[in-house]
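Let me begin by presenting the structure, written as C-alpha coordinates, before commenting on it.
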Amino acid sequence: MRPNARRTTLADIAQAAGVSVATVSKVVNGRGDVAPRTRARVQELLHQHRYLAPVFRRTEAIESPTIEVQFQGGLKSYVAEALEGIVDSAAESGASVVISKASRAPHWARDLVSAGRHAVIAVTSVYTTTHLNELARAGLPLVVLDPLHLPDSRVNSVGATNFAGGLAATQHLLFLGHRRVAYLGGPTMAVCNQARMHGYRAAMEAEGAQVPDAYVQPGEFTYKTGLLGAAALLGLPEPPTAIFAGNDEIALGVIETARARGLRIPEDLSVVGFDDTSLAQMTSPPLTTVRQPLREMGGAALRTALRLANGEKVESHHIELATELVVRASTAPPREETSARR
(Lines give C-alpha, C1' and ligand atoms only; values in the text may rest on other atoms or scores of the structure.)
Protein backbone atom coordinates (compact mmCIF):
# COMPACT_ATOMS: atom_id res chain seq x y z
CA MET A 1 0.00 0.00 0.00
CA ARG A 2 1.09 3.58 -0.65
CA PRO A 3 2.00 5.54 2.51
CA ASN A 4 -1.20 7.61 2.35
CA ALA A 5 -3.46 4.87 0.97
CA ARG A 6 -6.72 4.30 2.79
CA ARG A 7 -6.95 1.00 4.65
CA THR A 8 -9.40 -1.50 3.17
CA THR A 9 -12.55 -1.81 5.25
CA LEU A 10 -15.20 -4.48 5.62
CA ALA A 11 -17.53 -2.20 3.67
CA ASP A 12 -15.09 -2.20 0.72
CA ILE A 13 -14.95 -6.00 0.73
CA ALA A 14 -18.74 -6.25 1.06
CA GLN A 15 -19.30 -3.93 -1.91
CA ALA A 16 -16.82 -5.84 -4.09
CA ALA A 17 -18.39 -9.19 -3.15
CA GLY A 18 -21.97 -7.95 -3.50
CA VAL A 19 -22.89 -9.00 0.05
CA SER A 20 -23.65 -7.24 3.31
CA VAL A 21 -21.03 -6.03 5.78
CA ALA A 22 -22.51 -8.46 8.30
CA THR A 23 -21.77 -11.37 5.98
CA VAL A 24 -18.14 -10.28 5.55
CA SER A 25 -17.85 -9.92 9.33
CA LYS A 26 -19.09 -13.50 9.77
CA VAL A 27 -16.41 -14.77 7.40
CA VAL A 28 -13.66 -12.80 9.14
CA ASN A 29 -14.75 -14.12 12.54
CA GLY A 30 -15.07 -17.75 11.44
CA ARG A 31 -18.85 -18.00 11.76
CA GLY A 32 -20.33 -21.07 10.11
CA ASP A 33 -23.63 -19.62 8.82
CA VAL A 34 -22.31 -18.43 5.42
CA ALA A 35 -22.80 -20.29 2.13
CA PRO A 36 -19.56 -22.00 0.97
CA ARG A 37 -19.50 -20.16 -2.39
CA THR A 38 -20.05 -16.78 -0.72
CA ARG A 39 -17.41 -17.56 1.91
CA ALA A 40 -14.87 -18.47 -0.77
CA ARG A 41 -15.57 -15.27 -2.71
CA VAL A 42 -15.22 -13.08 0.39
CA GLN A 43 -12.02 -14.86 1.49
CA GLU A 44 -10.50 -14.37 -1.95
CA LEU A 45 -11.21 -10.64 -1.79
CA LEU A 46 -9.83 -10.43 1.75
CA HIS A 47 -6.65 -12.07 0.48
CA GLN A 48 -6.40 -9.83 -2.60
CA HIS A 49 -6.78 -6.69 -0.50
CA ARG A 50 -4.49 -8.08 2.26
CA TYR A 51 -7.14 -7.22 4.79
CA LEU A 52 -5.92 -7.40 8.40
CA ALA A 53 -8.67 -7.80 10.95
CA PRO A 54 -8.34 -5.27 13.79
CA VAL A 55 -7.89 -6.62 17.31
CA PHE A 56 -11.18 -6.42 19.15
CA ARG A 57 -13.04 -7.98 22.04
CA ARG A 58 -15.99 -10.16 21.13
CA THR A 59 -19.25 -9.15 22.75
CA GLU A 60 -20.31 -12.79 22.95
CA ALA A 61 -18.27 -15.91 23.50
CA ILE A 62 -18.17 -18.50 20.72
CA GLU A 63 -20.72 -21.15 21.68
CA SER A 64 -18.92 -24.20 20.28
CA PRO A 65 -15.30 -23.26 19.46
CA THR A 66 -13.20 -25.60 17.33
CA ILE A 67 -9.42 -25.55 17.69
CA GLU A 68 -7.04 -26.90 15.06
CA VAL A 69 -4.03 -28.68 16.62
CA GLN A 70 -1.11 -29.20 14.23
CA PHE A 71 2.13 -31.10 14.74
CA GLN A 72 5.09 -32.00 12.53
CA GLY A 73 6.84 -35.34 12.14
CA GLY A 74 5.72 -38.58 13.75
CA LEU A 75 3.26 -38.97 16.60
CA LYS A 76 5.92 -39.53 19.25
CA SER A 77 5.32 -40.12 22.94
CA TYR A 78 6.11 -36.47 23.70
CA VAL A 79 3.51 -35.20 21.20
CA ALA A 80 0.93 -37.78 22.29
CA GLU A 81 1.09 -36.70 25.92
CA ALA A 82 0.83 -33.01 25.03
CA LEU A 83 -2.18 -33.80 22.81
CA GLU A 84 -3.79 -35.68 25.67
CA GLY A 85 -3.60 -32.54 27.80
CA ILE A 86 -5.14 -30.47 25.00
CA VAL A 87 -8.00 -32.93 24.46
CA ASP A 88 -8.75 -33.27 28.18
CA SER A 89 -8.86 -29.49 28.62
CA ALA A 90 -11.07 -29.13 25.54
CA ALA A 91 -13.54 -31.64 26.96
CA GLU A 92 -13.72 -29.66 30.20
CA SER A 93 -14.22 -26.41 28.28
CA GLY A 94 -16.85 -27.70 25.84
CA ALA A 95 -14.56 -27.09 22.87
CA SER A 96 -13.85 -29.35 19.91
CA VAL A 97 -10.35 -30.27 18.74
CA VAL A 98 -9.22 -31.31 15.27
CA ILE A 99 -5.73 -32.85 15.11
CA SER A 100 -3.72 -32.74 11.90
CA LYS A 101 -0.24 -32.70 10.44
CA ALA A 102 1.05 -29.17 9.81
CA SER A 103 0.05 -28.07 6.30
CA ARG A 104 1.68 -25.49 4.06
CA ALA A 105 -0.78 -25.73 1.19
CA PRO A 106 -1.74 -22.44 -0.51
CA HIS A 107 -4.25 -20.45 1.51
CA TRP A 108 -4.15 -23.08 4.27
CA ALA A 109 -5.11 -20.55 6.95
CA ARG A 110 -8.18 -19.42 5.01
CA ASP A 111 -9.10 -23.05 4.47
CA LEU A 112 -9.07 -23.54 8.24
CA VAL A 113 -11.44 -20.61 8.68
CA SER A 114 -13.70 -22.06 5.99
CA ALA A 115 -13.71 -25.34 7.91
CA GLY A 116 -14.92 -23.52 11.02
CA ARG A 117 -11.71 -23.34 13.05
CA HIS A 118 -11.39 -20.52 15.60
CA ALA A 119 -7.70 -20.83 16.61
CA VAL A 120 -4.58 -22.91 15.94
CA ILE A 121 -2.32 -24.69 18.40
CA ALA A 122 1.04 -25.73 16.95
CA VAL A 123 3.01 -28.43 18.78
CA THR A 124 6.77 -27.93 18.28
CA SER A 125 6.15 -26.58 14.79
CA VAL A 126 8.04 -23.84 12.96
CA TYR A 127 6.08 -20.88 11.60
CA THR A 128 7.73 -18.27 9.38
CA THR A 129 6.72 -14.62 9.05
CA THR A 130 4.79 -15.58 5.90
CA HIS A 131 2.77 -18.15 7.85
CA LEU A 132 2.09 -15.67 10.63
CA ASN A 133 0.93 -13.04 8.17
CA GLU A 134 -1.45 -15.51 6.56
CA LEU A 135 -2.89 -16.43 9.95
CA ALA A 136 -3.32 -12.73 10.74
CA ARG A 137 -5.12 -12.11 7.45
CA ALA A 138 -7.41 -15.05 8.19
CA GLY A 139 -8.04 -13.72 11.72
CA LEU A 140 -6.87 -16.98 13.35
CA PRO A 141 -5.04 -16.73 16.71
CA LEU A 142 -1.99 -18.98 17.11
CA VAL A 143 -0.56 -20.61 20.23
CA VAL A 144 2.75 -22.50 19.91
CA LEU A 145 3.37 -25.32 22.38
CA ASP A 146 7.07 -25.76 23.22
CA PRO A 147 8.38 -23.53 20.39
CA LEU A 148 11.50 -24.73 18.59
CA HIS A 149 12.53 -21.17 17.75
CA LEU A 150 12.07 -17.85 19.49
CA PRO A 151 8.52 -16.95 18.56
CA ASP A 152 7.49 -13.73 16.88
CA SER A 153 6.27 -11.10 19.34
CA ARG A 154 2.80 -11.61 17.90
CA VAL A 155 2.79 -15.28 18.88
CA ASN A 156 1.55 -16.66 22.18
CA SER A 157 3.43 -19.72 23.41
CA VAL A 158 3.58 -22.25 26.23
CA GLY A 159 6.79 -23.94 27.36
CA ALA A 160 8.67 -25.22 30.40
CA THR A 161 11.63 -24.10 32.53
CA ASN A 162 14.21 -25.81 30.33
CA PHE A 163 17.24 -24.02 31.80
CA ALA A 164 16.24 -25.00 35.34
CA GLY A 165 15.68 -28.57 34.16
CA GLY A 166 19.10 -28.78 32.56
CA LEU A 167 20.66 -27.31 35.68
CA ALA A 168 18.92 -29.80 37.97
CA ALA A 169 19.83 -32.81 35.81
CA THR A 170 23.52 -31.89 35.73
CA GLN A 171 23.64 -30.98 39.42
CA HIS A 172 22.23 -34.42 40.22
CA LEU A 173 25.07 -36.11 38.32
CA LEU A 174 27.67 -33.86 39.92
CA PHE A 175 26.27 -34.62 43.38
CA LEU A 176 26.72 -38.33 42.68
CA GLY A 177 30.41 -37.65 42.05
CA HIS A 178 30.56 -37.49 38.25
CA ARG A 179 32.92 -34.97 36.72
CA ARG A 180 33.09 -36.28 33.16
CA VAL A 181 29.54 -35.38 32.17
CA ALA A 182 28.52 -34.96 28.52
CA TYR A 183 25.46 -33.34 26.95
CA LEU A 184 23.85 -35.00 23.94
CA GLY A 185 21.08 -32.75 22.69
CA GLY A 186 18.73 -31.76 19.90
CA PRO A 187 19.01 -29.17 17.11
CA THR A 188 21.53 -26.42 17.84
CA MET A 189 19.08 -23.58 17.20
CA ALA A 190 16.12 -25.07 19.03
CA VAL A 191 15.27 -22.77 21.95
CA CYS A 192 14.55 -25.62 24.36
CA ASN A 193 17.82 -27.35 23.47
CA GLN A 194 19.83 -24.17 24.01
CA ALA A 195 18.22 -23.62 27.41
CA ARG A 196 18.91 -27.21 28.55
CA MET A 197 22.50 -27.01 27.32
CA HIS A 198 23.06 -23.67 29.07
CA GLY A 199 21.68 -25.17 32.28
CA TYR A 200 24.15 -28.04 31.89
CA ARG A 201 27.05 -25.67 31.30
CA ALA A 202 26.07 -23.45 34.23
CA ALA A 203 26.10 -26.41 36.62
CA MET A 204 29.43 -27.68 35.29
CA GLU A 205 31.03 -24.24 35.52
CA ALA A 206 29.76 -23.68 39.06
CA GLU A 207 31.36 -26.97 40.10
CA GLY A 208 34.61 -26.24 38.27
CA ALA A 209 34.16 -29.31 36.05
CA GLN A 210 35.73 -29.20 32.61
CA VAL A 211 33.59 -29.36 29.48
CA PRO A 212 35.69 -30.51 26.50
CA ASP A 213 34.26 -29.49 23.13
CA ALA A 214 33.60 -33.14 22.27
CA TYR A 215 31.38 -33.50 25.36
CA VAL A 216 28.65 -31.28 23.86
CA GLN A 217 27.04 -32.80 20.78
CA PRO A 218 23.92 -31.53 18.98
CA GLY A 219 21.62 -33.74 16.94
CA GLU A 220 17.89 -34.33 16.67
CA PHE A 221 15.42 -35.28 19.39
CA THR A 222 15.47 -38.89 18.16
CA TYR A 223 16.51 -42.38 19.24
CA LYS A 224 19.02 -42.43 16.35
CA THR A 225 20.80 -39.37 17.74
CA GLY A 226 21.18 -41.27 21.02
CA LEU A 227 22.66 -44.30 19.25
CA LEU A 228 25.15 -42.37 17.13
CA GLY A 229 25.95 -39.66 19.64
CA ALA A 230 26.66 -42.13 22.42
CA ALA A 231 28.94 -44.13 20.10
CA ALA A 232 30.98 -40.98 19.45
CA LEU A 233 31.14 -40.02 23.13
CA LEU A 234 32.00 -43.50 24.40
CA GLY A 235 34.69 -43.80 21.73
CA LEU A 236 36.62 -40.80 23.08
CA PRO A 237 40.05 -41.40 24.69
CA GLU A 238 38.51 -40.18 27.95
CA PRO A 239 34.79 -41.03 27.66
CA PRO A 240 32.19 -39.51 29.98
CA THR A 241 30.97 -41.44 33.00
CA ALA A 242 27.55 -39.80 32.66
CA ILE A 243 25.47 -38.47 29.76
CA PHE A 244 22.68 -35.94 30.06
CA ALA A 245 20.39 -36.49 27.06
CA GLY A 246 18.23 -33.71 25.62
CA ASN A 247 15.11 -35.88 25.76
CA ASP A 248 13.98 -39.39 26.70
CA GLU A 249 14.26 -40.78 23.17
CA ILE A 250 17.90 -39.74 22.96
CA ALA A 251 18.49 -41.28 26.40
CA LEU A 252 17.09 -44.63 25.24
CA GLY A 253 19.46 -44.58 22.28
CA VAL A 254 22.36 -43.89 24.65
CA ILE A 255 21.38 -46.85 26.84
CA GLU A 256 21.20 -49.20 23.84
CA THR A 257 24.62 -48.15 22.54
CA ALA A 258 26.12 -48.60 26.01
CA ARG A 259 24.67 -52.09 26.29
CA ALA A 260 25.98 -53.03 22.84
CA ARG A 261 29.44 -52.12 24.11
CA GLY A 262 29.06 -54.27 27.21
CA LEU A 263 28.53 -51.34 29.59
CA ARG A 264 26.08 -51.57 32.47
CA ILE A 265 23.58 -48.85 33.35
CA PRO A 266 24.16 -47.23 35.83
CA GLU A 267 27.26 -49.08 37.12
CA ASP A 268 29.44 -48.11 34.14
CA LEU A 269 27.47 -45.17 32.75
CA SER A 270 24.79 -42.94 34.25
CA VAL A 271 22.10 -41.55 31.95
CA VAL A 272 19.58 -38.74 32.48
CA GLY A 273 16.79 -37.87 30.04
CA PHE A 274 14.33 -35.01 29.67
CA ASP A 275 10.50 -34.95 29.36
CA ASP A 276 9.46 -37.92 31.57
CA THR A 277 7.30 -39.48 28.87
CA SER A 278 5.89 -42.98 29.33
CA LEU A 279 9.12 -44.30 27.78
CA ALA A 280 11.07 -43.26 30.88
CA GLN A 281 9.38 -45.85 33.09
CA MET A 282 9.30 -48.60 30.46
CA THR A 283 13.04 -48.77 29.86
CA SER A 284 15.35 -51.00 31.91
CA PRO A 285 16.52 -49.67 34.23
CA PRO A 286 13.82 -46.99 34.65
CA LEU A 287 15.18 -43.65 33.48
CA THR A 288 16.16 -40.74 35.69
CA THR A 289 14.77 -37.74 33.83
CA VAL A 290 13.51 -34.18 34.06
CA ARG A 291 9.74 -34.10 34.11
CA GLN A 292 8.25 -31.64 31.68
CA PRO A 293 4.53 -31.17 32.55
CA LEU A 294 3.35 -32.04 29.04
CA ARG A 295 -0.32 -32.57 29.82
CA GLU A 296 -0.48 -29.36 31.86
CA MET A 297 1.28 -27.50 29.03
CA GLY A 298 -1.29 -28.82 26.58
CA GLY A 299 -4.11 -27.67 28.83
CA ALA A 300 -2.59 -24.21 29.18
CA ALA A 301 -2.23 -23.93 25.40
CA LEU A 302 -5.88 -24.89 24.88
CA ARG A 303 -7.16 -22.39 27.43
CA THR A 304 -5.02 -19.63 25.91
CA ALA A 305 -6.29 -20.44 22.41
CA LEU A 306 -9.91 -20.25 23.61
CA ARG A 307 -9.35 -16.86 25.23
CA LEU A 308 -7.74 -15.49 22.08
CA ALA A 309 -10.52 -16.92 19.91
CA ASN A 310 -13.02 -14.97 22.03
CA GLY A 311 -11.05 -11.74 21.59
CA GLU A 312 -9.76 -11.69 25.17
CA LYS A 313 -6.36 -10.37 26.16
CA VAL A 314 -3.86 -12.67 27.86
CA GLU A 315 -1.54 -11.57 30.64
CA SER A 316 1.65 -12.86 29.02
CA HIS A 317 2.69 -13.86 25.52
CA HIS A 318 4.74 -16.74 26.93
CA ILE A 319 3.89 -19.13 29.77
CA GLU A 320 6.51 -21.37 31.38
CA LEU A 321 5.56 -24.27 33.64
CA ALA A 322 8.00 -25.72 36.14
CA THR A 323 10.12 -28.79 35.44
CA GLU A 324 11.04 -31.38 38.09
CA LEU A 325 13.88 -33.90 38.40
CA VAL A 326 12.60 -37.48 38.76
CA VAL A 327 15.31 -39.80 40.08
CA ARG A 328 15.07 -43.46 39.08
CA ALA A 329 17.57 -46.27 38.56
CA SER A 330 19.63 -45.09 35.57
CA THR A 331 21.98 -42.94 37.65
CA ALA A 332 24.53 -43.87 40.34
CA PRO A 333 27.97 -42.73 41.54
CA PRO A 334 30.81 -43.46 39.07
CA ARG A 335 32.71 -46.69 39.72
CA GLU A 336 35.81 -44.97 41.12
CA GLU A 337 33.59 -42.92 43.46
CA THR A 338 31.75 -46.08 44.57
CA SER A 339 35.05 -47.81 45.29
CA ALA A 340 36.35 -44.83 47.26
CA ARG A 341 33.25 -44.83 49.47
CA ARG A 342 33.75 -48.51 50.22
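For the C-alpha coordinates, the naming scheme is as follows: chains receive sequential letters (A, B, ...) according to their order of presentation, residues are indexed from 1 within each chain, and ligands are indexed from 1 in presentation order.
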
*So which residues of region 82-331 of chain A fall under helix (DSSP H, G or I) by DSSP, listed as a PyMOL selection string?*
chain A and resi 82-93+108-114+129-138+162-175+191-207+213-215+223-234+248-260+279-282+294-309

Hey, could you make a per-residue contact list for region 63-117 of chain A against region 40-50 of chain A with 10 Å as the cut-off, showing the nearest pair of atoms and its distance in Å to one decimal, counting only C-alpha atoms, sorted by chain and number, as a Markdown table?
```
| residue | atom | partner | partner_atom | distance |
| --- | --- | --- | --- | --- |
| A:His107 | CA | A:His47 | CA | 8.8 |
| A:Arg110 | CA | A:Gln43 | CA | 6.9 |
| A:Asp111 | CA | A:Ala40 | CA | 9.0 |
| A:Val113 | CA | A:Gln43 | CA | 9.2 |
| A:Ser114 | CA | A:Ala40 | CA | 7.7 |
```

*Please identify all polymer residues within 8 Å of region 80-87 of chain A, counting only C-alpha atoms, omitting same-chain residues fewer than 3 positions from it, and present them as a PyMOL selection string.*
chain A and resi 75-77+90-91+97+277+294-302

Contacts of His317 (chain A) within 8 Å, only C-alpha atoms, excl. fewer than 2 positions in-chain, as a short mmCIF file (atom, residue, chain, number, x, y, z; two decimals) with all heavy atoms, in the first residue's frame:
```cif
data_model
loop_
_atom_site.label_atom_id
_atom_site.label_comp_id
_atom_site.auth_asym_id
_atom_site.auth_seq_id
_atom_site.Cartn_x
_atom_site.Cartn_y
_atom_site.Cartn_z
N SER A 153 6.92 -11.78 18.21
CA SER A 153 6.27 -11.10 19.34
C SER A 153 4.76 -11.17 19.25
O SER A 153 4.06 -10.96 20.25
CB SER A 153 6.73 -9.63 19.38
OG SER A 153 6.40 -8.97 18.16
N ARG A 154 4.25 -11.49 18.04
CA ARG A 154 2.80 -11.61 17.90
C ARG A 154 2.28 -12.97 18.34
O ARG A 154 1.07 -13.19 18.41
CB ARG A 154 2.41 -11.41 16.43
CG ARG A 154 2.70 -10.03 15.88
CD ARG A 154 2.47 -10.02 14.38
NE ARG A 154 3.47 -10.81 13.67
CZ ARG A 154 3.42 -11.06 12.36
NH1 ARG A 154 2.42 -10.60 11.64
NH2 ARG A 154 4.37 -11.77 11.78
N VAL A 155 3.18 -13.90 18.63
CA VAL A 155 2.79 -15.28 18.88
C VAL A 155 2.73 -15.56 20.38
O VAL A 155 3.65 -15.21 21.13
CB VAL A 155 3.78 -16.26 18.23
CG1 VAL A 155 3.42 -17.70 18.55
CG2 VAL A 155 3.80 -16.04 16.72
N ASN A 156 1.65 -16.20 20.81
CA ASN A 156 1.55 -16.66 22.18
C ASN A 156 2.09 -18.09 22.25
O ASN A 156 1.87 -18.89 21.33
CB ASN A 156 0.09 -16.63 22.64
CG ASN A 156 -0.43 -15.22 22.82
OD1 ASN A 156 -0.25 -14.60 23.85
ND2 ASN A 156 -1.06 -14.70 21.76
N SER A 157 2.81 -18.40 23.32
CA SER A 157 3.43 -19.72 23.41
C SER A 157 3.41 -20.24 24.84
O SER A 157 3.27 -19.48 25.80
CB SER A 157 4.88 -19.66 22.89
OG SER A 157 5.64 -18.71 23.63
N VAL A 314 -4.54 -11.77 26.93
CA VAL A 314 -3.86 -12.67 27.86
C VAL A 314 -2.77 -11.88 28.58
O VAL A 314 -2.22 -10.92 28.05
CB VAL A 314 -3.27 -13.89 27.14
CG1 VAL A 314 -4.37 -14.76 26.56
CG2 VAL A 314 -2.31 -13.46 26.03
N GLU A 315 -2.47 -12.32 29.80
CA GLU A 315 -1.54 -11.57 30.64
C GLU A 315 -0.11 -11.60 30.11
O GLU A 315 0.65 -10.66 30.27
CB GLU A 315 -1.56 -12.12 32.08
CG GLU A 315 -2.86 -11.86 32.83
CD GLU A 315 -3.98 -12.79 32.39
OE1 GLU A 315 -3.67 -13.81 31.74
OE2 GLU A 315 -5.15 -12.49 32.68
N ILE A 319 4.11 -18.49 28.47
CA ILE A 319 3.89 -19.13 29.77
C ILE A 319 4.91 -20.24 29.94
O ILE A 319 5.12 -21.04 29.02
CB ILE A 319 2.47 -19.72 29.86
CG1 ILE A 319 1.41 -18.64 29.68
CG2 ILE A 319 2.27 -20.45 31.18
CD1 ILE A 319 0.00 -19.20 29.55
#
```

*Please provide as an MDAnalysis selection string all residues within 7 Å of region 166-182 of chain A, with the sequence filter that same-chain residues fewer than 5 positions apart are discarded (counting only C-alpha atoms).*
chainID A and resid 196:197 199:200 202:203 209 215:216 240:244 272 290 325 332:334 337

Save out the residues we just selected, N, CA, C and O atoms, as a PDB file, in the first residue's frame.
```pdb
ATOM      1  N   ARG A 196      18.448 -26.028  27.803  1.00  0.00           N
ATOM      2  CA  ARG A 196      18.906 -27.213  28.548  1.00  0.00           C
ATOM      3  C   ARG A 196      20.429 -27.287  28.557  1.00  0.00           C
ATOM      4  O   ARG A 196      21.040 -27.607  29.584  1.00  0.00           O
ATOM      5  N   MET A 197      21.041 -26.983  27.413  1.00  0.00           N
ATOM      6  CA  MET A 197      22.497 -27.010  27.324  1.00  0.00           C
ATOM      7  C   MET A 197      23.113 -25.935  28.214  1.00  0.00           C
ATOM      8  O   MET A 197      24.127 -26.182  28.898  1.00  0.00           O
ATOM      9  N   GLY A 199      21.823 -24.702  30.911  1.00  0.00           N
ATOM     10  CA  GLY A 199      21.676 -25.169  32.282  1.00  0.00           C
ATOM     11  C   GLY A 199      22.766 -26.164  32.643  1.00  0.00           C
ATOM     12  O   GLY A 199      23.339 -26.122  33.741  1.00  0.00           O
ATOM     13  N   TYR A 200      23.055 -27.074  31.714  1.00  0.00           N
ATOM     14  CA  TYR A 200      24.149 -28.045  31.890  1.00  0.00           C
ATOM     15  C   TYR A 200      25.482 -27.327  32.086  1.00  0.00           C
ATOM     16  O   TYR A 200      26.242 -27.613  33.025  1.00  0.00           O
ATOM     17  N   ALA A 202      26.048 -24.250  32.995  1.00  0.00           N
ATOM     18  CA  ALA A 202      26.066 -23.450  34.227  1.00  0.00           C
ATOM     19  C   ALA A 202      26.399 -24.316  35.427  1.00  0.00           C
ATOM     20  O   ALA A 202      27.180 -23.917  36.310  1.00  0.00           O
ATOM     21  N   ALA A 203      25.820 -25.508  35.498  1.00  0.00           N
ATOM     22  CA  ALA A 203      26.097 -26.414  36.618  1.00  0.00           C
ATOM     23  C   ALA A 203      27.547 -26.880  36.597  1.00  0.00           C
ATOM     24  O   ALA A 203      28.216 -26.932  37.649  1.00  0.00           O
ATOM     25  N   ALA A 209      33.940 -28.117  36.878  1.00  0.00           N
ATOM     26  CA  ALA A 209      34.156 -29.305  36.053  1.00  0.00           C
ATOM     27  C   ALA A 209      34.419 -28.884  34.608  1.00  0.00           C
ATOM     28  O   ALA A 209      33.770 -27.985  34.085  1.00  0.00           O
ATOM     29  N   TYR A 215      32.400 -33.062  24.391  1.00  0.00           N
ATOM     30  CA  TYR A 215      31.385 -33.501  25.357  1.00  0.00           C
ATOM     31  C   TYR A 215      30.021 -32.862  25.099  1.00  0.00           C
ATOM     32  O   TYR A 215      29.037 -33.234  25.749  1.00  0.00           O
ATOM     33  N   VAL A 216      29.939 -31.908  24.197  1.00  0.00           N
ATOM     34  CA  VAL A 216      28.649 -31.279  23.860  1.00  0.00           C
ATOM     35  C   VAL A 216      28.362 -31.559  22.395  1.00  0.00           C
ATOM     36  O   VAL A 216      29.050 -31.061  21.512  1.00  0.00           O
ATOM     37  N   PRO A 240      32.933 -39.979  28.805  1.00  0.00           N
ATOM     38  CA  PRO A 240      32.192 -39.514  29.983  1.00  0.00           C
ATOM     39  C   PRO A 240      31.723 -40.690  30.833  1.00  0.00           C
ATOM     40  O   PRO A 240      31.536 -41.801  30.334  1.00  0.00           O
ATOM     41  N   THR A 241      31.563 -40.431  32.107  1.00  0.00           N
ATOM     42  CA  THR A 241      30.972 -41.439  33.001  1.00  0.00           C
ATOM     43  C   THR A 241      29.474 -41.219  33.147  1.00  0.00           C
ATOM     44  O   THR A 241      28.782 -42.052  33.738  1.00  0.00           O
ATOM     45  N   ALA A 242      28.978 -40.098  32.614  1.00  0.00           N
ATOM     46  CA  ALA A 242      27.546 -39.797  32.660  1.00  0.00           C
ATOM     47  C   ALA A 242      27.176 -38.984  31.426  1.00  0.00           C
ATOM     48  O   ALA A 242      27.971 -38.165  30.950  1.00  0.00           O
ATOM     49  N   ILE A 243      25.974 -39.219  30.916  1.00  0.00           N
ATOM     50  CA  ILE A 243      25.470 -38.471  29.762  1.00  0.00           C
ATOM     51  C   ILE A 243      24.092 -37.913  30.092  1.00  0.00           C
ATOM     52  O   ILE A 243      23.191 -38.654  30.503  1.00  0.00           O
ATOM     53  N   PHE A 244      23.963 -36.606  29.932  1.00  0.00           N
ATOM     54  CA  PHE A 244      22.677 -35.936  30.060  1.00  0.00           C
ATOM     55  C   PHE A 244      22.114 -35.803  28.648  1.00  0.00           C
ATOM     56  O   PHE A 244      22.685 -35.127  27.803  1.00  0.00           O
ATOM     57  N   VAL A 272      20.743 -39.550  32.096  1.00  0.00           N
ATOM     58  CA  VAL A 272      19.579 -38.740  32.479  1.00  0.00           C
ATOM     59  C   VAL A 272      18.886 -38.271  31.207  1.00  0.00           C
ATOM     60  O   VAL A 272      19.549 -37.859  30.254  1.00  0.00           O
ATOM     61  N   VAL A 290      14.123 -35.440  33.644  1.00  0.00           N
ATOM     62  CA  VAL A 290      13.513 -34.182  34.062  1.00  0.00           C
ATOM     63  C   VAL A 290      12.070 -34.175  33.561  1.00  0.00           C
ATOM     64  O   VAL A 290      11.835 -34.289  32.358  1.00  0.00           O
ATOM     65  N   LEU A 325      13.009 -32.731  38.548  1.00  0.00           N
ATOM     66  CA  LEU A 325      13.880 -33.900  38.397  1.00  0.00           C
ATOM     67  C   LEU A 325      13.222 -35.124  39.029  1.00  0.00           C
ATOM     68  O   LEU A 325      12.782 -35.082  40.177  1.00  0.00           O
ATOM     69  N   ALA A 332      23.853 -43.409  39.123  1.00  0.00           N
ATOM     70  CA  ALA A 332      24.533 -43.872  40.340  1.00  0.00           C
ATOM     71  C   ALA A 332      25.910 -43.229  40.365  1.00  0.00           C
ATOM     72  O   ALA A 332      26.364 -42.664  39.356  1.00  0.00           O
ATOM     73  N   PRO A 333      26.602 -43.273  41.500  1.00  0.00           N
ATOM     74  CA  PRO A 333      27.967 -42.732  41.537  1.00  0.00           C
ATOM     75  C   PRO A 333      28.853 -43.455  40.532  1.00  0.00           C
ATOM     76  O   PRO A 333      28.632 -44.641  40.226  1.00  0.00           O
ATOM     77  N   PRO A 334      29.874 -42.783  39.983  1.00  0.00           N
ATOM     78  CA  PRO A 334      30.805 -43.462  39.071  1.00  0.00           C
ATOM     79  C   PRO A 334      31.561 -44.552  39.809  1.00  0.00           C
ATOM     80  O   PRO A 334      31.670 -44.527  41.040  1.00  0.00           O
ATOM     81  N   GLU A 337      34.173 -43.563  42.281  1.00  0.00           N
ATOM     82  CA  GLU A 337      33.590 -42.917  43.457  1.00  0.00           C
ATOM     83  C   GLU A 337      33.003 -43.978  44.380  1.00  0.00           C
ATOM     84  O   GLU A 337      33.112 -43.914  45.586  1.00  0.00           O
TER      85      GLU A 337
END
```

*asked:* Using DSSP assignments from the backbone, pull out every residue in region 213-287 of chain A that falls under strand (DSSP E) and give it to me as a PyMOL selection string.
replied: chain A and resi 216-217+242-245+270-275
